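Q: For reference, the file query-v7.cif (mmCIF, C-alpha atoms) is included below:
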data_input
#
loop_
_atom_site.label_atom_id
_atom_site.label_comp_id
_atom_site.auth_asym_id
_atom_site.auth_seq_id
_atom_site.Cartn_x
_atom_site.Cartn_y
_atom_site.Cartn_z
CA ASN A 9 -26.57 -55.19 -0.76
CA ARG A 10 -28.99 -58.12 -0.70
CA HIS A 11 -29.86 -57.71 -4.38
CA ALA A 12 -26.21 -57.83 -5.44
CA ARG A 13 -25.66 -60.99 -3.39
CA GLN A 14 -28.43 -62.61 -5.44
CA GLY A 15 -26.83 -61.49 -8.68
CA VAL A 16 -29.31 -58.65 -9.27
CA HIS A 17 -27.57 -55.35 -9.91
CA LEU A 18 -29.68 -52.23 -9.43
CA SER A 19 -28.53 -48.68 -10.00
CA ARG A 20 -28.60 -46.18 -7.15
CA SER A 21 -31.06 -44.04 -9.12
CA THR A 22 -33.50 -46.98 -9.38
CA LEU A 23 -33.34 -47.59 -5.63
CA CYS A 24 -33.85 -43.89 -4.92
CA ASP A 25 -36.83 -43.78 -7.28
CA TRP A 26 -38.38 -46.74 -5.44
CA LEU A 27 -37.99 -44.96 -2.11
CA MET A 28 -39.52 -41.73 -3.41
CA ASP A 29 -42.42 -43.64 -4.99
CA THR A 30 -42.96 -45.43 -1.67
CA ALA A 31 -43.06 -42.08 0.13
CA ASP A 32 -45.67 -40.83 -2.35
CA VAL A 33 -47.82 -43.91 -1.69
CA LEU A 34 -47.51 -43.41 2.07
CA MET A 35 -48.48 -39.72 1.93
CA PRO A 36 -52.11 -40.25 3.07
CA LEU A 37 -50.87 -42.21 6.09
CA TYR A 38 -48.19 -39.60 6.76
CA LEU A 39 -50.84 -36.88 6.95
CA LEU A 40 -52.86 -39.00 9.38
CA LEU A 41 -49.74 -39.62 11.47
CA LYS A 42 -49.04 -35.89 11.50
CA ASP A 43 -52.59 -35.17 12.72
CA ARG A 44 -52.26 -37.81 15.41
CA VAL A 45 -48.92 -36.49 16.68
CA LEU A 46 -50.23 -32.91 16.77
CA SER A 47 -53.41 -33.99 18.56
CA ASP A 48 -51.40 -34.38 21.77
CA SER A 49 -51.33 -31.52 24.28
CA VAL A 50 -47.51 -31.36 24.33
CA VAL A 51 -45.32 -31.39 21.22
CA PHE A 52 -41.52 -31.18 21.09
CA THR A 53 -39.79 -29.72 18.04
CA ASP A 54 -36.27 -29.14 16.79
CA ASP A 55 -34.50 -28.84 13.45
CA THR A 56 -31.16 -29.56 11.83
CA PRO A 57 -29.54 -28.16 8.66
CA VAL A 58 -29.16 -30.40 5.62
CA ARG A 59 -27.63 -29.37 2.32
CA VAL A 60 -29.84 -29.71 -0.75
CA GLN A 61 -28.37 -30.21 -4.22
CA GLU A 62 -29.50 -27.56 -6.67
CA SER A 63 -28.00 -27.70 -10.21
CA GLU A 64 -24.23 -27.49 -9.66
CA LYS A 65 -24.21 -26.25 -6.06
CA CYS A 66 -25.87 -26.91 -2.72
CA ARG A 67 -28.02 -24.65 -0.59
CA LEU A 68 -28.91 -25.16 3.05
CA GLY A 69 -32.28 -26.78 3.68
CA ARG A 70 -33.83 -27.92 6.94
CA LEU A 71 -35.21 -31.09 8.48
CA TRP A 72 -37.68 -30.59 11.34
CA ALA A 73 -38.82 -33.10 13.96
CA TYR A 74 -42.16 -32.95 15.79
CA CYS A 75 -42.57 -35.44 18.64
CA SER A 76 -45.37 -36.35 21.02
CA ARG A 77 -46.59 -39.40 22.92
CA PHE A 78 -48.28 -40.54 19.70
CA GLY A 79 -45.19 -40.68 17.51
CA THR A 80 -42.67 -38.60 15.58
CA VAL A 81 -43.15 -36.82 12.27
CA TYR A 82 -40.49 -35.07 10.19
CA ASP A 83 -40.82 -32.23 7.73
CA ALA A 84 -38.29 -31.07 5.14
CA THR A 85 -38.20 -27.44 4.02
CA PRO A 86 -36.05 -25.56 1.49
CA ASP A 87 -34.80 -23.16 4.19
CA ARG A 88 -35.20 -22.26 7.87
CA CYS A 89 -37.73 -19.46 7.47
CA ARG A 90 -40.68 -19.32 9.85
CA ASP A 91 -43.11 -20.48 7.13
CA GLY A 92 -42.10 -24.11 7.75
CA PRO A 93 -43.20 -24.46 11.39
CA VAL A 94 -46.09 -21.99 10.90
CA ARG A 95 -47.53 -24.15 8.10
CA PHE A 96 -46.85 -27.47 9.80
CA LEU A 97 -48.28 -26.44 13.19
CA ALA A 98 -51.39 -24.72 11.81
CA GLY A 99 -54.31 -25.76 14.01
CA PHE A 100 -52.17 -27.14 16.84
CA GLU A 101 -53.22 -26.13 20.35
CA GLY A 102 -51.23 -26.93 23.48
CA TYR A 103 -47.68 -26.71 24.78
CA LEU A 104 -44.87 -26.41 22.22
CA GLN A 105 -41.46 -27.30 23.64
CA CYS A 106 -38.70 -25.78 21.50
CA ASP A 107 -35.50 -23.76 21.47
CA ALA A 108 -35.37 -19.98 21.25
CA TYR A 109 -35.48 -19.85 17.43
CA ALA A 110 -37.28 -16.64 16.45
CA GLY A 111 -39.25 -18.41 13.71
CA TYR A 112 -41.50 -19.97 16.34
CA HIS A 113 -42.64 -16.53 17.51
CA GLU A 114 -45.05 -16.32 14.61
CA VAL A 115 -46.57 -19.65 15.67
CA PHE A 116 -47.30 -18.25 19.13
CA ALA A 117 -48.54 -14.93 17.76
CA LEU A 118 -50.98 -16.54 15.32
CA ALA A 119 -52.26 -18.96 17.98
CA ARG A 120 -53.39 -16.07 20.22
CA GLY A 121 -52.60 -17.86 23.45
CA LYS A 122 -53.67 -21.33 22.32
CA VAL A 123 -50.05 -22.44 21.90
CA ILE A 124 -47.85 -22.03 24.97
CA GLU A 125 -44.09 -21.81 24.59
CA VAL A 126 -42.01 -24.15 26.74
CA GLY A 127 -38.26 -23.53 26.85
CA CYS A 128 -35.28 -25.83 27.20
CA TRP A 129 -33.05 -25.83 30.28
CA ALA A 130 -30.44 -27.88 28.42
CA HIS A 131 -29.95 -24.91 26.07
CA ALA A 132 -29.70 -22.49 29.00
CA ARG A 133 -27.20 -24.73 30.77
CA ARG A 134 -25.10 -24.95 27.60
CA LYS A 135 -24.78 -21.15 27.55
CA PHE A 136 -23.26 -21.16 31.05
CA VAL A 137 -20.89 -24.01 30.19
CA GLU A 138 -19.65 -21.91 27.26
CA ALA A 139 -18.98 -19.03 29.69
CA GLU A 140 -16.75 -21.08 32.02
CA ASN A 141 -13.47 -19.79 30.60
CA SER A 142 -14.28 -16.17 31.40
CA ALA A 143 -16.44 -16.51 34.53
CA LEU A 144 -15.68 -19.81 36.22
CA LEU A 145 -17.34 -19.29 39.62
CA GLU A 146 -20.60 -17.81 38.33
CA SER A 147 -20.87 -20.37 35.53
CA HIS A 148 -20.31 -23.27 37.92
CA GLU A 149 -22.91 -21.94 40.33
CA ALA A 150 -25.45 -21.53 37.51
CA VAL A 151 -24.79 -25.09 36.32
CA ALA A 152 -25.13 -26.39 39.89
CA ARG A 153 -28.45 -24.60 40.34
CA ILE A 154 -29.73 -26.05 37.07
CA ARG A 155 -28.48 -29.48 38.12
CA ALA A 156 -30.69 -29.25 41.21
CA LEU A 157 -33.70 -28.79 38.92
CA TYR A 158 -32.71 -31.90 36.97
CA GLN A 159 -32.33 -33.88 40.19
CA ILE A 160 -35.97 -33.14 40.95
CA GLU A 161 -36.93 -34.45 37.50
CA GLU A 162 -34.91 -37.61 38.11
CA SER A 163 -36.72 -38.21 41.39
CA ILE A 164 -40.21 -37.95 39.83
CA LYS A 165 -39.67 -40.07 36.73
CA GLY A 166 -42.12 -42.75 37.79
CA LEU A 167 -44.97 -40.40 38.69
CA ASP A 168 -47.99 -39.58 36.57
CA ALA A 169 -48.56 -36.06 35.24
CA ALA A 170 -50.45 -34.92 38.34
CA GLY A 171 -47.70 -36.20 40.63
CA LYS A 172 -44.98 -34.53 38.58
CA LEU A 173 -46.87 -31.24 38.58
CA ALA A 174 -47.32 -31.30 42.35
CA ALA A 175 -43.62 -32.08 42.92
CA ARG A 176 -42.50 -29.32 40.57
CA VAL A 177 -44.72 -26.74 42.26
CA ARG A 178 -43.47 -27.86 45.68
CA ASP A 179 -39.76 -28.33 44.93
CA ALA A 180 -38.78 -26.70 41.63
CA VAL A 181 -40.68 -23.40 41.78
CA PRO A 182 -38.83 -22.14 44.90
CA LEU A 183 -35.48 -23.06 43.31
CA LEU A 184 -36.46 -21.23 40.13
CA GLU A 185 -37.45 -18.10 42.06
CA ASN A 186 -34.09 -18.12 43.85
CA LEU A 187 -32.28 -18.72 40.56
CA LYS A 188 -33.96 -15.75 38.91
CA ALA A 189 -33.07 -13.44 41.81
CA TRP A 190 -29.46 -14.65 41.64
CA LEU A 191 -29.28 -14.13 37.87
CA GLU A 192 -30.49 -10.55 38.21
CA LYS A 193 -27.71 -9.87 40.74
CA VAL A 194 -25.12 -11.43 38.41
CA LYS A 195 -26.43 -9.33 35.53
CA ALA A 196 -25.96 -6.12 37.52
CA ARG A 197 -22.24 -6.78 38.00
CA SER A 198 -21.28 -8.48 34.71
CA LEU A 199 -19.60 -7.00 31.65
CA PRO A 200 -22.18 -6.16 28.96
CA LYS A 201 -20.60 -8.17 26.12
CA SER A 202 -19.20 -11.09 28.10
CA ARG A 203 -20.11 -14.73 27.58
CA LEU A 204 -21.58 -14.75 31.08
CA MET A 205 -23.87 -11.82 30.28
CA GLU A 206 -24.94 -13.59 27.11
CA ALA A 207 -25.91 -16.67 29.15
CA VAL A 208 -27.71 -14.59 31.78
CA ASN A 209 -29.63 -12.58 29.19
CA TYR A 210 -30.62 -15.71 27.29
CA THR A 211 -32.01 -17.26 30.46
CA LEU A 212 -33.84 -14.15 31.68
CA ASN A 213 -35.24 -13.33 28.24
CA GLN A 214 -36.56 -16.89 28.00
CA TRP A 215 -37.72 -17.04 31.61
CA ASP A 216 -41.47 -17.42 31.07
CA ALA A 217 -40.84 -20.23 28.59
CA LEU A 218 -38.22 -21.87 30.82
CA VAL A 219 -40.54 -22.06 33.84
CA ALA A 220 -43.61 -23.14 31.84
CA TYR A 221 -42.78 -26.81 32.42
CA THR A 222 -43.78 -26.33 36.07
CA THR A 223 -47.39 -25.66 35.00
CA ASN A 224 -47.99 -28.98 33.21
CA GLY A 225 -46.89 -32.42 34.33
CA ASP A 226 -46.74 -33.68 30.73
CA CYS A 227 -44.07 -31.12 29.78
CA ALA A 228 -40.37 -31.82 30.21
CA ILE A 229 -37.56 -29.74 31.65
CA ASP A 230 -35.79 -29.68 28.28
CA ASN A 231 -36.25 -30.33 24.58
CA ASN A 232 -34.00 -33.38 24.45
CA THR A 233 -36.83 -35.53 23.06
CA ALA A 234 -36.76 -33.57 19.80
CA GLU A 235 -32.98 -33.21 19.82
CA ARG A 236 -32.65 -37.00 19.95
CA ALA A 237 -35.07 -37.25 17.01
CA VAL A 238 -32.86 -35.10 14.75
CA LYS A 239 -29.54 -36.51 15.97
CA PRO A 240 -29.44 -39.45 13.48
CA PHE A 241 -29.62 -36.96 10.59
CA ALA A 242 -27.01 -34.65 12.10
CA ILE A 243 -24.70 -37.67 12.24
CA GLY A 244 -25.86 -39.32 9.02
CA ARG A 245 -25.37 -36.31 6.76
CA LYS A 246 -21.61 -36.75 7.24
CA ASN A 247 -21.98 -39.90 5.14
CA TRP A 248 -24.75 -39.10 2.66
CA LEU A 249 -23.78 -35.39 2.50
CA PHE A 250 -26.96 -33.85 1.05
CA PHE A 251 -30.51 -34.29 -0.25
CA GLY A 252 -30.46 -34.82 -4.00
CA SER A 253 -33.52 -32.56 -4.31
CA ASP A 254 -36.32 -31.04 -2.27
CA ARG A 255 -38.46 -34.03 -3.28
CA GLY A 256 -35.78 -36.33 -1.90
CA GLY A 257 -35.86 -34.44 1.40
CA ARG A 258 -39.64 -34.79 1.61
CA ALA A 259 -39.36 -38.52 0.86
CA LEU A 260 -36.86 -38.98 3.68
CA ALA A 261 -39.11 -37.00 6.05
CA ILE A 262 -42.08 -39.25 5.26
CA LEU A 263 -40.23 -42.56 5.47
CA ALA A 264 -38.33 -41.58 8.61
CA SER A 265 -41.58 -40.56 10.29
CA PHE A 266 -42.76 -44.17 10.08
CA THR A 267 -39.48 -45.80 11.04
CA GLU A 268 -39.02 -43.51 14.05
CA THR A 269 -42.62 -43.98 15.21
CA CYS A 270 -42.23 -47.74 14.82
CA LYS A 271 -39.17 -47.62 17.07
CA LYS A 272 -41.17 -45.67 19.64
CA PHE A 273 -43.83 -48.39 19.84
CA GLY A 274 -41.41 -51.32 19.63
CA ILE A 275 -42.48 -52.31 16.10
CA ASN A 276 -40.09 -53.74 13.53
CA PRO A 277 -40.01 -50.99 10.83
CA TRP A 278 -39.29 -53.37 7.92
CA GLN A 279 -42.14 -55.69 8.82
CA TYR A 280 -44.47 -52.76 9.46
CA LEU A 281 -43.79 -51.18 6.07
CA LYS A 282 -44.11 -54.50 4.22
CA ASN A 283 -47.40 -55.27 5.95
CA THR A 284 -48.72 -51.74 5.43
CA LEU A 285 -47.81 -51.53 1.75
CA ASP A 286 -49.56 -54.87 1.20
CA ARG A 287 -52.74 -53.69 2.97
CA LEU A 288 -52.84 -50.07 1.87
CA PRO A 289 -54.34 -50.61 -1.63
CA VAL A 290 -57.32 -52.57 -0.24
CA THR A 291 -57.99 -50.45 2.86
CA PRO A 292 -60.94 -48.02 2.61
CA ARG A 293 -60.11 -44.37 3.20
CA GLU A 294 -62.14 -44.25 6.41
CA ASP A 295 -60.08 -47.15 7.82
CA LEU A 296 -56.62 -45.83 6.94
CA HIS A 297 -56.02 -44.82 10.56
CA THR A 298 -55.90 -48.53 11.46
CA LEU A 299 -52.64 -48.78 9.51
CA LEU A 300 -50.78 -46.27 11.69
CA PRO A 301 -47.86 -47.76 13.67
CA SER A 302 -49.54 -47.08 17.02
CA CYS A 303 -52.68 -48.98 15.95
CA GLN A 304 -51.56 -51.81 13.72
CA PRO A 305 -50.31 -55.04 15.31
CA VAL A 306 -47.40 -56.30 13.23
CA PRO A 307 -46.11 -59.88 13.54
CA GLN A 308 -42.54 -59.91 14.81
CA SER A 309 -41.51 -63.11 13.09
CA ALA A 310 -39.85 -62.96 9.67
#
Please express what this file holds, its structure, as structure tokens.
A:
Amino acid sequence: NRHARQGVHLSRSTLCDWLMDTADVLMPLYLLLKDRVLSDSVVFTDDTPVRVQESEKCRLGRLWAYCSRFGTVYDATPDRCRDGPVRFLAGFEGYLQCDAYAGYHEVFALARGKVIEVGCWAHARRKFVEAENSALLESHEAVARIRALYQIEESIKGLDAAGKLAARVRDAVPLLENLKAWLEKVKARSLPKSRLMEAVNYTLNQWDALVAYTTNGDCAIDNNTAERAVKPFAIGRKNWLFFGSDRGGRALAILASFTETCKKFGINPWQYLKNTLDRLPVTPREDLHTLLPSCQPVPQSA
């Protein structure tokens, strides 16, 4: 590393301690970033498993991503129980785009209609792809029908939310109604425990959530925004293997929230963090929001 090239040898534990101390210092800004991300009307969320070292063995923890137009925040939890998203999303109101994980049900129940579930057509499509070996014709037709929905999304990429909503109501809603009728016919003639029936049941059971994107132009047809946010950790854990502790997981969640949000706004993460850590000690509490990546202009030169 750069220190070694200068003849300065630092232990891994020292470097890790520096990172965790930096995360602790950034905690007030992290909480402000979280509030800003959750202030949007549409939030995307997904999670990925990460092993956590505990004495002489590892248990399975979780890293969650929450994304909106205002940035991305991560949260690390000791497990995948519903308490994680319930705690993190407390007070959020709007559209929550997610997969069919049952832990989110408590979020919707507690919100009493103030949080609307939006499903993911990429997940539904994946179920039919998995059924191709046992039901080729039906699976291919389902995938083709879903592809037609995606073609509509491709054609409206440049429109504002109102334009997207109008196009979805005009073009996607009729296709969705036909798709549902076709799925019900397929269900009536499919084997109860087949892969095809599993895909059909998943789609029909999630139907209200899957069609919710046609009621808001700011929603998306799938949850790929959040899936992309967790992908670096799904790949990276093959190299770094595990969190050294729950505190280490929280530190990564905090630091990655800033680097990912910087990337979203085209800000150099290294320069942003250097500038922010210099300014943070002399910034009044009421002005801390000016240090958020979406607000703070950071010089791009070294």
Q: Quick one: distance from atom CA of Arg293 of chain A to atom CA of Ala259 of chain A in Å, one decimal?
A: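 Computed distance, atom CA of Arg293 of chain A to atom CA of Ala259 of chain A, equals 21.7 Å.
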Q: Report the residues retrieved by the PyMOL selection byres ((chain A and resi 54-69) around 8) from the displayed file, expressed as a PyMOL selection string.
A: chain A and resi 52-53+70-74+84-88+106-107+231+234-235+238+241-242+245+249-254+257
Q: Using only C-alpha atoms, tabulate the residues of segment 234-282 of chain A lying at most 10 Å from any atom of segment 25-39 of chain A, each with its closest atom pair and that distance in Å to one decimal, by chain and increasing residue number, as a tab-separated table.
A:
residue	atom	partner	partner_atom	distance
A:Arg255	CA	A:Met28	CA	7.8
A:Gly256	CA	A:Met28	CA	6.7
A:Gly257	CA	A:Met28	CA	9.5
A:Arg258	CA	A:Ala31	CA	8.2
A:Ala259	CA	A:Ala31	CA	5.2
A:Leu260	CA	A:Ala31	CA	7.8
A:Ala261	CA	A:Ala31	CA	8.7
A:Ile262	CA	A:Ala31	CA	5.9
A:Leu263	CA	A:Ala31	CA	6.1
A:Ala264	CA	A:Ala31	CA	9.7
A:Ser265	CA	A:Tyr38	CA	7.6
A:Phe266	CA	A:Tyr38	CA	7.8
A:Leu281	CA	A:Leu34	CA	9.5
Q: Need to verify the contact set: Val94 of chain A, 10 Å, only C-alpha atoms, exclusion of same-chain residues closer than 3 positions in sequence. Can you return it as a list in words?
A: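 Neighbouring residues, sequence-local ones excluded: Cys89, Arg90, Asp91, Leu97, Ala98, Gly99, Phe100, Gly111, Tyr112, His113, Glu114, Val115, Phe116, Leu118 and Ala119 of chain A.
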Q: Give me the result of the PyMOL selection byres ((chain A and resi 161) around 9) on this file, residue by residue, as a list in words.
A: Ala156, Leu157, Tyr158, Gln159, Ile160, Glu162, Ser163, Ile164, Lys165, Lys172, Ala175, Arg176, Ala180, Ala228 and Ile229 of chain A
Q: To verify the selection step, state as an MDAnalysis selection string which residues the PyMOL selection byres ((chain A and resi 50) around 10) yields on this input.
A: chainID A and resid 45:49 51:52 75:77 100:105 123:124 126 224 226:228
Q: Every residue with an atom at most 8 Å from (-50.7, -50.6, 7.5) (file coordinates; only C-alpha atoms) is what I'm after, so could you write them as a list in words?
A: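 Protein and nucleic acid residues near the point are Tyr280, Leu281, Asn283, Thr284, Leu285, Asp286, Arg287, Leu288, Leu296, Thr298, Leu299, Leu300, Pro301 and Gln304 of chain A.
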